[in-house]
Every structure is written in C-alpha cells, then in structure tokens.
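Structure file upload.txt; described as compact mmCIF, C-alpha atoms.
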# COMPACT_ATOMS: atom_id res chain seq x y z
CA MET A 1 66.75 74.67 -134.79
CA LYS A 2 64.90 72.70 -132.11
CA LYS A 3 64.03 75.86 -130.18
CA LYS A 4 61.86 77.45 -132.89
CA PRO A 5 59.35 74.56 -133.25
CA ARG A 6 59.13 74.36 -129.46
CA ASN A 7 58.26 78.08 -129.26
CA ILE A 8 55.54 77.60 -131.88
CA PHE A 9 54.20 74.65 -129.88
CA MET A 10 53.68 77.01 -126.92
CA LEU A 11 51.02 78.90 -128.93
CA PRO A 12 47.33 78.08 -128.30
CA ARG A 13 46.07 75.03 -130.20
CA ASP A 14 43.72 76.92 -132.53
CA ILE A 15 46.53 79.26 -133.64
CA ARG A 16 48.84 76.30 -134.30
CA ILE A 17 46.14 74.59 -136.36
CA ARG A 18 45.53 77.76 -138.38
CA LEU A 19 49.27 78.12 -139.00
CA VAL A 20 49.48 74.56 -140.37
CA ILE A 21 46.40 75.07 -142.56
CA ALA A 22 47.68 78.43 -143.85
CA SER A 23 51.13 76.98 -144.62
CA SER A 24 49.53 74.12 -146.52
CA LEU A 25 47.26 76.40 -148.53
CA ILE A 26 49.98 78.94 -149.34
CA ALA A 27 52.86 76.57 -150.12
CA VAL A 28 52.11 72.83 -150.17
CA ILE A 29 48.99 72.68 -152.34
CA PRO A 30 50.27 75.10 -155.07
CA LEU A 31 53.60 73.21 -155.03
CA LEU A 32 51.83 69.89 -155.59
CA ALA A 33 49.84 71.43 -158.44
CA THR A 34 53.07 72.72 -160.01
CA ILE A 35 54.73 69.30 -159.72
CA TYR A 36 51.65 67.72 -161.29
CA PHE A 37 51.76 70.01 -164.34
CA VAL A 38 55.53 69.64 -164.73
CA THR A 39 55.15 65.85 -164.66
CA ILE A 40 52.42 65.99 -167.30
CA TYR A 41 54.54 68.30 -169.45
CA LEU A 42 57.60 66.04 -169.26
CA ALA A 43 55.48 62.98 -169.99
CA ASP A 44 54.03 64.78 -173.02
CA ILE A 45 50.44 64.09 -171.97
CA GLN A 46 47.75 66.15 -173.65
CA ILE A 47 45.14 67.69 -171.33
CA GLN A 48 42.32 70.14 -171.89
CA ASP A 49 43.07 73.86 -171.53
CA TYR A 50 40.01 74.41 -169.35
CA PHE A 51 41.34 71.82 -166.88
CA ILE A 52 44.65 73.69 -166.59
CA LYS A 53 42.87 77.02 -166.09
CA LEU A 54 40.51 75.51 -163.52
CA THR A 55 43.40 74.01 -161.57
CA LEU A 56 45.36 77.28 -161.61
CA LEU A 57 42.26 79.20 -160.51
CA ALA A 58 41.66 76.76 -157.64
CA SER A 59 45.31 77.11 -156.59
CA MET A 60 45.03 80.92 -156.56
CA ILE A 61 41.84 80.76 -154.46
CA LEU A 62 43.51 78.40 -152.00
CA MET A 63 46.55 80.66 -151.76
CA CYS A 64 44.32 83.68 -151.02
CA ALA A 65 42.47 81.69 -148.36
CA GLY A 66 45.81 80.67 -146.83
CA PHE A 67 46.93 84.30 -146.77
CA ILE A 68 43.74 85.34 -144.96
CA ILE A 69 44.15 82.56 -142.38
CA MET A 70 47.84 83.42 -141.90
CA ARG A 71 46.94 87.08 -141.40
CA SER A 72 44.44 86.15 -138.69
CA CYS A 73 47.15 84.10 -136.94
CA ILE A 74 49.59 87.00 -137.02
CA TRP A 75 47.01 89.40 -135.59
CA SER A 76 46.16 86.88 -132.88
CA ILE A 77 49.80 87.00 -131.79
CA ILE A 78 50.10 90.78 -132.12
CA ASP A 79 46.85 91.39 -130.22
CA ILE A 80 47.98 88.98 -127.51
CA ALA A 81 45.77 90.51 -124.79
CA HIS A 82 42.62 89.80 -126.81
CA THR A 83 43.87 86.27 -127.53
CA THR A 84 44.45 85.64 -123.83
CA ASP A 85 40.97 86.94 -123.03
CA GLN A 86 39.42 84.63 -125.63
CA LEU A 87 41.50 81.73 -124.35
CA THR A 88 40.45 82.08 -120.73
CA VAL A 89 37.02 83.69 -120.38
CA ASN A 90 35.20 83.39 -123.72
CA PRO A 91 32.12 81.18 -123.00
CA LEU A 92 31.67 80.37 -126.70
CA ARG A 93 35.11 78.83 -126.99
CA LYS A 94 36.22 75.45 -125.72
CA LYS A 95 38.19 76.01 -122.53
CA ALA A 96 41.94 75.42 -122.72
CA THR A 97 43.47 72.70 -120.59
CA ALA A 98 45.87 73.42 -117.74
CA ASN A 99 48.82 72.24 -119.85
CA GLU A 100 47.82 74.50 -122.73
CA LEU A 101 47.57 77.50 -120.42
CA LEU A 102 50.97 76.65 -118.93
CA ARG A 103 52.58 76.44 -122.38
CA PHE A 104 50.92 79.71 -123.33
CA GLU A 105 52.25 81.37 -120.18
CA HIS A 106 55.75 80.16 -121.08
CA PHE A 107 55.25 81.68 -124.52
CA LEU A 108 54.27 85.04 -122.96
CA LEU A 109 57.39 84.95 -120.77
CA TYR A 110 59.49 84.20 -123.84
CA MET A 111 57.92 87.10 -125.76
CA GLU A 112 58.43 89.39 -122.76
CA ASP A 113 62.14 88.57 -122.78
CA GLN A 114 62.31 89.22 -126.54
CA ILE A 115 60.57 92.59 -126.11
CA TYR A 116 63.00 93.63 -123.36
CA ALA A 117 65.91 92.60 -125.59
CA ALA A 118 64.50 94.67 -128.47
CA LYS A 119 64.05 97.65 -126.15
CA ARG A 120 67.68 97.38 -125.01
CA ILE A 121 68.80 97.45 -128.64
CA LEU A 122 66.66 100.52 -129.36
CA ARG A 123 67.89 102.32 -126.24
CA ALA A 124 71.48 101.63 -127.26
CA LYS A 125 70.79 103.06 -130.71
CA ARG A 126 68.92 106.04 -129.27
CA LYS A 127 71.98 107.01 -127.25
CA LEU A 128 73.81 107.50 -130.55
CA ASP A 129 71.03 109.73 -131.84
CA SER A 130 70.88 113.01 -129.96
CA SER A 131 67.52 113.94 -131.50
CA GLY A 132 65.80 110.90 -130.01
CA ARG A 133 67.53 110.88 -126.65
CA THR A 134 64.80 112.72 -124.73
CA PHE A 135 61.79 111.15 -126.44
CA LYS A 136 60.17 107.83 -125.57
CA PHE A 137 57.19 106.41 -127.43
CA PRO A 138 54.18 105.63 -125.22
CA ALA A 139 52.69 102.14 -125.21
CA LEU A 140 50.55 101.43 -128.31
CA ILE A 141 47.16 99.87 -127.51
CA PRO A 142 45.33 97.83 -130.22
CA SER A 143 42.24 99.57 -131.60
CA SER A 144 39.96 96.80 -130.37
CA LEU A 145 41.02 97.40 -126.75
CA VAL A 146 41.25 101.21 -126.59
CA LYS A 147 37.64 101.86 -125.63
CA SER A 148 37.43 99.14 -122.94
CA ARG A 149 40.81 100.13 -121.50
CA LEU A 150 39.79 103.79 -121.21
CA ILE A 151 36.45 102.90 -119.60
CA SER A 152 38.27 100.71 -117.06
CA LEU A 153 40.78 103.46 -116.25
CA THR A 154 38.16 106.17 -115.82
CA LYS A 155 36.11 103.98 -113.48
CA SER A 156 39.26 103.15 -111.51
CA THR A 157 40.14 106.82 -111.06
CA GLU A 158 36.64 107.53 -109.75
CA ILE A 159 36.84 104.67 -107.23
CA ASN A 160 40.37 105.56 -106.08
CA CYS A 161 39.72 109.34 -106.07
CA SER A 162 42.68 109.92 -108.39
CA GLN A 163 42.89 111.80 -111.68
CA LEU A 164 43.49 110.62 -115.21
CA GLY A 165 44.78 112.83 -117.99
CA ILE A 166 42.97 112.15 -121.28
CA PHE A 167 44.25 113.31 -124.68
CA VAL A 168 42.42 113.29 -128.02
CA TRP A 169 44.10 114.10 -131.33
CA LYS A 170 42.14 114.29 -134.57
CA ASN A 171 43.38 115.08 -138.07
CA SER A 172 41.11 115.40 -141.11
CA ASN A 173 44.05 114.85 -143.46
CA ILE A 174 44.68 111.09 -143.41
CA SER A 175 47.66 109.51 -145.19
CA LYS A 176 47.47 106.09 -146.88
CA ASP A 177 49.97 104.59 -144.43
CA GLU A 178 47.86 105.62 -141.46
CA SER A 179 44.67 104.40 -143.10
CA ASP A 180 46.11 100.95 -143.92
CA ASP A 181 48.06 100.24 -140.73
CA GLU A 182 46.77 100.87 -137.20
CA THR A 183 50.31 100.45 -135.79
CA PHE A 184 51.63 103.33 -137.90
CA ILE A 185 52.04 106.47 -135.77
CA PRO A 186 51.82 109.41 -138.20
CA PRO A 187 54.45 112.19 -138.14
CA TRP A 188 51.87 114.83 -137.14
CA LEU A 189 51.02 112.85 -133.99
CA ILE A 190 54.69 112.22 -133.17
CA ASN A 191 55.10 116.01 -133.26
CA PHE A 192 52.56 116.32 -130.42
CA LEU A 193 53.91 113.32 -128.51
CA LYS A 194 57.34 114.94 -128.40
CA ASP A 195 55.88 117.84 -126.43
CA LYS A 196 57.94 117.96 -123.23
CA THR A 197 55.03 119.12 -121.05
CA ILE A 198 53.44 115.65 -120.65
CA THR A 199 54.15 112.28 -122.27
CA PRO A 200 51.11 109.95 -122.40
CA ASP A 201 51.42 106.53 -120.78
CA ALA A 202 49.63 104.91 -123.71
CA ILE A 203 47.92 105.80 -126.99
CA GLY A 204 45.65 104.01 -129.42
CA ARG A 205 43.92 104.62 -132.73
CA LEU A 206 40.13 104.68 -132.71
CA SER A 207 39.97 105.19 -136.47
CA PRO A 208 42.31 106.59 -139.13
CA GLY A 209 43.27 110.13 -138.09
CA TYR A 210 41.57 109.71 -134.70
CA TRP A 211 43.85 108.94 -131.74
CA ILE A 212 43.36 108.93 -127.98
CA GLY A 213 45.81 108.64 -125.10
CA TRP A 214 45.98 108.84 -121.34
CA SER A 215 48.36 109.48 -118.49
CA GLU A 216 47.69 108.60 -114.86
CA ASN A 217 47.87 111.06 -111.96
CA LYS A 218 47.63 114.24 -114.04
CA GLN A 219 46.02 117.29 -112.48
CA VAL A 220 43.88 119.85 -114.27
CA LYS A 221 46.69 122.41 -114.23
CA GLU A 222 49.11 120.02 -115.93
CA MET A 223 46.61 119.19 -118.66
CA ASP A 224 45.84 122.88 -119.21
CA GLU A 225 49.57 123.56 -119.64
CA TYR A 226 49.84 120.71 -122.13
CA LEU A 227 46.84 121.98 -124.10
CA LYS A 228 48.26 125.50 -124.16
CA SER A 229 51.60 124.20 -125.45
CA VAL A 230 49.88 122.13 -128.15
CA ARG A 231 47.74 125.02 -129.35
CA GLU A 232 50.82 127.20 -129.62
CA ASN A 233 52.41 124.43 -131.67
CA ILE A 234 49.38 124.25 -133.98
CA SER A 235 49.30 128.03 -134.40
CA SER A 236 53.03 128.51 -134.99
CA ASN A 237 53.26 125.66 -137.52
CA ASN A 238 49.95 126.52 -139.22
CA LEU A 239 48.64 122.96 -138.79
CA LYS A 240 45.21 123.01 -140.40
CA GLY A 241 42.61 120.30 -139.88
CA ILE A 242 44.05 119.18 -136.53
CA ILE A 243 41.98 119.22 -133.33
CA VAL A 244 43.48 118.49 -129.90
CA VAL A 245 41.54 118.03 -126.66
CA ALA A 246 43.14 117.42 -123.26
CA PHE A 247 41.62 117.35 -119.80
CA SER A 248 41.83 115.67 -116.41
CA HIS A 249 39.13 113.27 -115.24
CA PRO A 250 37.35 113.59 -112.89
CA SER A 251 37.33 117.30 -112.22
CA ALA A 252 34.87 120.12 -111.81
CA ARG A 253 35.68 121.43 -115.28
CA SER A 254 35.45 118.25 -117.32
CA ASP A 255 33.93 114.81 -116.98
CA LEU A 256 33.01 111.80 -119.08
CA SER A 257 29.88 113.53 -120.40
CA PHE A 258 32.18 116.10 -122.00
CA LEU A 259 34.20 113.33 -123.62
CA ARG A 260 31.08 111.47 -124.75
CA ASN A 261 29.21 114.47 -126.13
CA SER A 262 32.14 116.37 -127.65
CA ILE A 263 34.35 113.55 -128.90
CA GLU A 264 31.59 110.93 -129.40
CA ILE A 265 33.64 107.81 -128.74
CA LEU A 266 32.40 106.42 -125.44
CA GLU A 267 29.00 104.98 -124.59
CA ILE A 268 28.81 105.21 -120.82
CA ASP A 269 25.58 105.56 -118.90

As structure tokens, what does this structure read like?
Amino acid sequence: MKKKPRNIFMLPRDIRIRLVIASSLIAVIPLLATIYFVTIYLADIQIQDYFIKLTLLASMILMCAGFIIMRSCIWSIIDIAHTTDQLTVNPLRKKATANELLRFEHFLLYMEDQIYAAKRILRAKRKLDSSGRTFKFPALIPSSLVKSRLISLTKSTEINCSQLGIFVWKNSNISKDESDDETFIPPWLINFLKDKTITPDAIGRLSPGYWIGWSENKQVKEMDEYLKSVRENISSNNLKGIIVVAFSHPSARSDLSFLRNSIEILEID
C-alpha cells in the first residue's frame, strides 16, 4: 500500500495538485453535502426546497468540474512526452526543481518497466493466438505530436541523406468509436496495417478517419510495392471511401510539396 502513494508523489507537482482538487470535487464535497442533508433529515429540521435544489445543483457543478480536471490529469499522463516538454522547456511555466525532475524521471522509469511487463503479457497471449502471431501494432503517436514528429523526421532524413517511408490512410466513413477516441485504431486501418509488405514504425491520427504513419529507411520501390498491395486489397474487398497514399521521402518522384499540396496536413516552407 505504501508503494502506490509514492508512485503518485513522483508525478509533477501541478498534476498532483490537480489530482487532489479533482478527488475533492468528485468525492469529498458531494459526500459532505450528503452527510449534511442526512443529518438534517434525521434531526427533523425543516429547510426551504430552493435551498436543497441549490445545494444539489452546486454539488453537480462541482462534480462536473472535478471530472474535467481529472480528465486533464489523465491525458497529461497518457501524453507523457508533451508533459515532459512542458515541464522542461515551456517558458510560460514555472521551472521544475532538480528534485522534481529526478522524481519525474523515476516515474518514467517505473512506467517503462510497467509497459515492458504489459508487452510481455501480450506477447505470451499472442503466442496462443495463431491469427495474431505475425502481426505487431506500430507505436501510436498522440494527435498533438504527429505533425511535429513527422516534420522532425523528414528534416532528419534530408540531413542524413536517408529515406523515410510515409503512409496516409483516409476514410470518409467514420465510426463513433473512432470519432470519440483518438487511441481507437479502427478495423479498416488494422486491415491495412496487417499488410505483410511493410509495417509502419509508428502511426497517429490527425483527425477522425485521417491517419498517417511512417517507416524509416524505406526505398521508393518498397513503398510502390506496398501501395500496389494496398490498392489490390481495396479493389478486391470493394472498400469504398478509402484513400491510401504511400511514398518515400526524399526522392525524385515525391517530396514534401506533394504531401503538403495533395494531403494538406503540413505547413512547411
């Protein structure tokens, strides 16, 4: 039991404060209001109806505020790269102390161990499932980081004279699950990711139904083979409303201007 509070203490100070505030708003304040009304009821004290309604309304508003704050805390932990960036380089934020950064680094190491443990469990289960044995999900990049990550990779490939395979998948038919949750990888995209020609290193959602991925050190020929395989898949399964683009950057046949003008997601001079 002592380990869990210590792990929470390793979080940045602003996240810990938000967690305490959210817990108070969601649980403590409504509980105190409930105890207050129960006490009045047992003591047979007459109070105005409008006062009861006003108190209940205030409790509901506080609970909703607590939920919003708790959600922001959860996303701060999920989008840990953005949190780290804000913690270290954001000029508008008060700089963290050396001890806070050290605790946060310990937290990252702890989370890394937990992720590896979860992966081991999934790999063990996958071995029992023959259908999933040859397929591995690529890394999932948060929507807020996809654009900056792709810009960084494309610039790096130009400097190092290497090539980066870029994939774009777009579907006009968007399900509710995909619209509500950016971590939900839709079945239609999984169908393309299972293509054995190339597996992307990472993918991310730019908007509902609009996904992009990349794979390092992929030549033009490899990307052309992937695109051919995907188009055959679309044609044979009669997948309407789905557009797939794949190319290698940089190359004589395709460059960032093609990606900017045709896909309209990057703003690079």

Which residue of A:Tyr226, A:Phe192, A:Trp211, A:Trp75 approaches Glu178 in chain A most closely, using all atoms listed in the file: A:Trp211

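Proximity to Pro138 in chain A was assessed for A:Arg16, A:Lys218, A:Arg71, A:Lys194 counting all atoms listed in the file; the smallest distance is recorded for A:Lys194.
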
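For the choices A:Ser179, A:Asn191, A:Asn171, A:Gln86, the atom-to-atom distance to Gly241 in chain A is smallest for A:Asn171 when using only C-alpha atoms.
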
When you draw a straight line from CA of Ser152 in chain A to CA of Ser76 in chain A, how long is it in Å?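 The value is 22.4 Å.
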
When you count all atoms listed in the file, which of these residues is closest to Gly66 in chain A: A:Asn238, A:Thr199, A:Ser24, A:Asn160?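 Of A:Asn238, A:Thr199, A:Ser24, A:Asn160, the one nearest Gly66 in chain A, counting all atoms listed in the file, is A:Ser24.
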
Give the answer as one residue: which of A:Phe167, A:Glu158, A:Ile141, A:Leu189 has the shortest atom-to-atom distance to Gly204 in chain A, using only C-alpha atoms? A:Ile141

Nearby residues (only C-alpha atoms) at most 7 Å from Ser248 in chain A, same-chain spacing under 2 positions excluded, as a VMD selection string: chain A and resid 163 to 166 218 to 220 223 250 to 251 254

Atomic separation - CA of Phe104 in chain A relative to CA of Ala117 in chain A, Å: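 Computed distance, CA of Ala117 in chain A to CA of Phe104 in chain A, equals 19.9 Å.
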
Report, in Å with one decimal, the straight-line distance from CA of Ser144 in chain A to CA of Leu102 in chain A.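 Rounded to one decimal, the two atoms are 25.7 Å apart.
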